[in-house]
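Containing mmCIF, C-alpha atoms: data_27.cif.
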```cif
data_target
#
loop_
_atom_site.label_atom_id
_atom_site.label_comp_id
_atom_site.auth_asym_id
_atom_site.auth_seq_id
_atom_site.Cartn_x
_atom_site.Cartn_y
_atom_site.Cartn_z
CA MET O 1 0.00 0.00 0.00
CA THR O 2 1.33 3.47 -0.86
CA ASN O 3 1.00 6.63 1.19
CA ASP O 4 -0.89 8.35 -1.62
CA ARG O 5 -4.49 7.30 -1.11
CA SER O 6 -6.02 10.10 -3.21
CA LEU O 7 -7.99 9.01 -6.25
CA SER O 8 -8.04 10.19 -9.84
CA ARG O 9 -11.39 10.75 -11.56
CA ARG O 10 -11.22 7.33 -13.24
CA GLU O 11 -10.19 5.61 -10.00
CA ARG O 12 -13.21 7.18 -8.27
CA GLN O 13 -15.45 5.90 -11.07
CA ILE O 14 -14.05 2.40 -10.63
CA MET O 15 -14.55 2.55 -6.86
CA ASP O 16 -18.14 3.78 -7.37
CA VAL O 17 -18.87 0.72 -9.53
CA ILE O 18 -17.32 -1.69 -7.04
CA TYR O 19 -19.12 -0.06 -4.09
CA GLU O 20 -22.40 -0.34 -6.00
CA LEU O 21 -21.88 -4.01 -6.87
CA LYS O 22 -20.18 -4.89 -3.54
CA GLU O 23 -17.60 -6.86 -5.55
CA ALA O 24 -16.77 -7.00 -9.25
CA THR O 25 -14.51 -8.40 -11.92
CA VAL O 26 -12.59 -6.17 -14.32
CA LEU O 27 -15.15 -6.92 -17.03
CA GLN O 28 -18.07 -5.94 -14.77
CA VAL O 29 -16.32 -2.65 -13.96
CA LEU O 30 -15.52 -2.03 -17.62
CA GLU O 31 -19.17 -2.53 -18.62
CA ARG O 32 -20.35 0.13 -16.17
CA LEU O 33 -17.76 2.87 -16.72
CA PRO O 34 -18.70 5.97 -18.71
CA ASP O 35 -16.58 6.29 -21.87
CA PRO O 36 -14.54 3.25 -20.81
CA PRO O 37 -10.88 2.79 -21.64
CA GLY O 38 -9.63 -0.64 -22.70
CA TYR O 39 -9.70 -3.76 -20.56
CA SER O 40 -5.95 -3.56 -19.87
CA ALA O 41 -6.23 0.03 -18.68
CA VAL O 42 -9.02 -0.86 -16.25
CA ARG O 43 -7.05 -3.83 -14.98
CA ALA O 44 -3.99 -1.59 -14.44
CA LEU O 45 -6.07 1.00 -12.58
CA ILE O 46 -7.53 -1.69 -10.35
CA ARG O 47 -4.00 -2.87 -9.50
CA VAL O 48 -3.15 0.74 -8.58
CA LEU O 49 -6.22 0.84 -6.33
CA GLU O 50 -5.02 -2.35 -4.64
CA ARG O 51 -1.56 -0.84 -4.07
CA LYS O 52 -3.17 2.28 -2.60
CA GLY O 53 -5.11 0.08 -0.17
CA HIS O 54 -8.60 0.66 -1.55
CA LEU O 55 -9.25 -2.82 -2.98
CA THR O 56 -8.49 -6.45 -2.37
CA HIS O 57 -9.18 -9.47 -4.54
CA ARG O 58 -9.99 -13.15 -4.41
CA ARG O 59 -9.72 -15.77 -7.14
CA ASP O 60 -12.87 -17.13 -8.69
CA GLY O 61 -11.69 -19.71 -11.20
CA PRO O 62 -9.62 -17.87 -13.80
CA ARG O 63 -10.90 -14.42 -12.71
CA TYR O 64 -10.11 -12.06 -9.90
CA VAL O 65 -13.06 -10.59 -8.03
CA TYR O 66 -12.34 -7.24 -6.40
CA SER O 67 -13.94 -5.78 -3.30
CA PRO O 68 -13.35 -2.60 -1.28
CA LEU O 69 -11.12 -2.67 1.78
CA VAL O 70 -12.63 0.51 3.22
CA ALA O 71 -16.33 0.98 3.88
CA LYS O 72 -17.90 3.59 1.61
CA GLU O 73 -18.85 5.85 4.52
CA LYS O 74 -15.28 5.85 5.85
CA ALA O 75 -13.94 6.53 2.35
CA ARG O 76 -16.34 9.49 2.07
CA ARG O 77 -15.15 10.93 5.38
CA ASN O 78 -11.50 10.51 4.37
CA ALA O 79 -12.12 12.21 1.01
CA LEU O 80 -13.97 15.07 2.68
CA ARG O 81 -11.16 15.55 5.22
CA HIS O 82 -8.74 15.80 2.31
CA VAL O 83 -10.91 18.42 0.56
CA ILE O 84 -11.29 20.43 3.79
CA ARG O 85 -7.53 20.47 4.39
CA THR O 86 -6.66 21.17 0.75
CA PHE O 87 -9.23 23.78 -0.25
CA PHE O 88 -10.57 25.23 3.00
CA ASP O 89 -7.46 25.41 5.22
CA GLY O 90 -9.10 22.96 7.63
CA SER O 91 -12.09 25.25 8.28
CA THR O 92 -15.36 23.39 8.77
CA GLU O 93 -17.18 26.75 8.89
CA SER O 94 -15.86 27.65 5.42
CA VAL O 95 -16.98 24.30 4.05
CA MET O 96 -20.47 24.67 5.49
CA ALA O 97 -20.76 28.22 4.15
CA ALA O 98 -19.67 27.05 0.69
CA LEU O 99 -22.13 24.15 0.74
CA LEU O 100 -25.00 26.43 1.70
CA ASP O 101 -23.93 28.95 -0.94
CA ILE O 102 -23.86 26.42 -3.79
CA SER O 103 -26.94 24.47 -2.75
CA GLU O 104 -29.13 23.98 -5.80
CA LYS O 105 -32.34 23.76 -3.81
CA ASN O 106 -33.70 25.60 -0.84
CA LEU O 107 -33.43 23.76 2.43
CA SER O 108 -36.68 22.75 4.02
CA GLU O 109 -37.53 23.49 7.63
CA ASP O 110 -36.83 19.80 8.38
CA ASP O 111 -33.38 20.19 6.81
CA TYR O 112 -32.62 23.17 9.06
CA VAL O 113 -33.83 21.26 12.12
CA ARG O 114 -31.62 18.27 11.23
CA LEU O 115 -28.59 20.50 10.66
CA ARG O 116 -29.18 22.23 14.00
CA GLU O 117 -29.37 18.81 15.71
CA LEU O 118 -26.09 17.76 14.12
CA ILE O 119 -24.40 21.01 15.16
CA ASP O 120 -25.71 20.67 18.73
CA LYS O 121 -24.51 17.07 18.91
CA ALA O 122 -21.06 18.03 17.63
CA ARG O 123 -20.88 20.83 20.21
CA ARG O 124 -21.85 18.44 23.05
CA GLU O 125 -19.17 15.99 21.88
CA GLY O 126 -16.56 18.74 21.82
CA ARG O 127 -16.11 18.83 18.06
#
```
Take the structure in the file and give it back as structure tokens.
Amino acid sequence: MTNDRSLSRRERQIMDVIYELKEATVLQVLERLPDPPGYSAVRALIRVLERKGHLTHRRDGPRYVYSPLVAKEKARRNALRHVIRTFFDGSTESVMAALLDISEKNLSEDDYVRLRELIDKARREGR
């Protein structure tokens, strides 16, 4: 596993397919990718994802079946932490302001209540 766990656009697409299917062969991934590259390119990218620690595999006859090593929710949190550090200087407030600013729909009263509950919970937990 390498120290660089960040994902390229194509690597994210591959991970999305594997998360959706729970496990997949190279061919199954290839069939679901938008504007897919060749089989060999997908296989190479999957090997990179294994080296980065995102995937593992098992043999199923002549094929390898790949599955994620990290739960999707944990991967989401890790990716968001990276974005916060990289683009928002670690500021949660800046992230929240940006999210509210770019929201494509108005938040409902229930949305505001849920956000308030999450903020209150984080405050109680010292975050």
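Atom pair CA of Met96 (chain O) / CA of Glu117 (chain O): separated by 14.8 Å.
Picked by the PyMOL selection byres ((chain O and resi 56-60) around 10) from the coordinates shown: Glu23, Ala24, Thr25, Ile46, Arg47, Leu49, Glu50, Arg51, Gly53, His54, Leu55, Gly61, Pro62, Arg63, Tyr64, Val65, Tyr66, Ser67, Pro68, Leu69 and Val70 of chain O.
Between CA of Leu27 (chain O) and CA of Ser40 (chain O) the interatomic distance comes to 10.2 Å.
Reported to one decimal place, the separation of CA of Ser6 (chain O) from CA of His82 (chain O) is 8.4 Å.
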Excluding region 36-39 of chain O and residues on its chain fewer than 5 positions from it, collect all residues at most 12 Å away from it, counting all atoms listed in the file, and give them as a short mmCIF file (atom, residue, chain, number, x, y, z; two decimals) with C-alpha atoms, in the coordinates of the input.
```cif
data_model
loop_
_atom_site.label_atom_id
_atom_site.label_comp_id
_atom_site.auth_asym_id
_atom_site.auth_seq_id
_atom_site.Cartn_x
_atom_site.Cartn_y
_atom_site.Cartn_z
CA ARG O 10 -11.22 7.33 -13.24
CA GLU O 11 -10.19 5.61 -10.00
CA GLN O 13 -15.45 5.90 -11.07
CA ILE O 14 -14.05 2.40 -10.63
CA THR O 25 -14.51 -8.40 -11.92
CA VAL O 26 -12.59 -6.17 -14.32
CA LEU O 27 -15.15 -6.92 -17.03
CA GLN O 28 -18.07 -5.94 -14.77
CA VAL O 29 -16.32 -2.65 -13.96
CA LEU O 30 -15.52 -2.03 -17.62
CA GLU O 31 -19.17 -2.53 -18.62
CA ALA O 44 -3.99 -1.59 -14.44
CA LEU O 45 -6.07 1.00 -12.58
CA ILE O 46 -7.53 -1.69 -10.35
#
```
Edge lengths and centre in Å, axis-aligned, region 72-84 of chain O plus 6 Å each side, as AutoDock Vina command-line options:
```
--center_x -13.8 --center_y 12.0 --center_z 3.2 --size_x 22.1 --size_y 28.8 --size_z 17.3
```
For Ala71 (chain O), please output as a PyMOL selection string all residues within 12 Å (counting all atoms listed in the file; exclusion window: fewer than 6 positions along the same chain). chain O and resi 15-16+18-20+22+53-55+77-78
Those residues with C-alpha atoms, as a compact mmCIF listing (two decimals), keeping the file's coordinate frame please?
```txt
# COMPACT_ATOMS: atom_id res chain seq x y z
CA MET O 15 -14.55 2.55 -6.86
CA ASP O 16 -18.14 3.78 -7.37
CA ILE O 18 -17.32 -1.69 -7.04
CA TYR O 19 -19.12 -0.06 -4.09
CA GLU O 20 -22.40 -0.34 -6.00
CA LYS O 22 -20.18 -4.89 -3.54
CA GLY O 53 -5.11 0.08 -0.17
CA HIS O 54 -8.60 0.66 -1.55
CA LEU O 55 -9.25 -2.82 -2.98
CA ARG O 77 -15.15 10.93 5.38
CA ASN O 78 -11.50 10.51 4.37
```
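Selection result for the displayed file, with the PyMOL selection byres ((chain O and resi 92) around 12) as criterion, is Leu80, Arg81, His82, Val83, Ile84, Arg85, Phe87, Phe88, Asp89, Gly90, Ser91, Glu93, Ser94, Val95, Met96, Ala97, Ala98, Leu99, Ile119, Ala122 and Arg127 of chain O.
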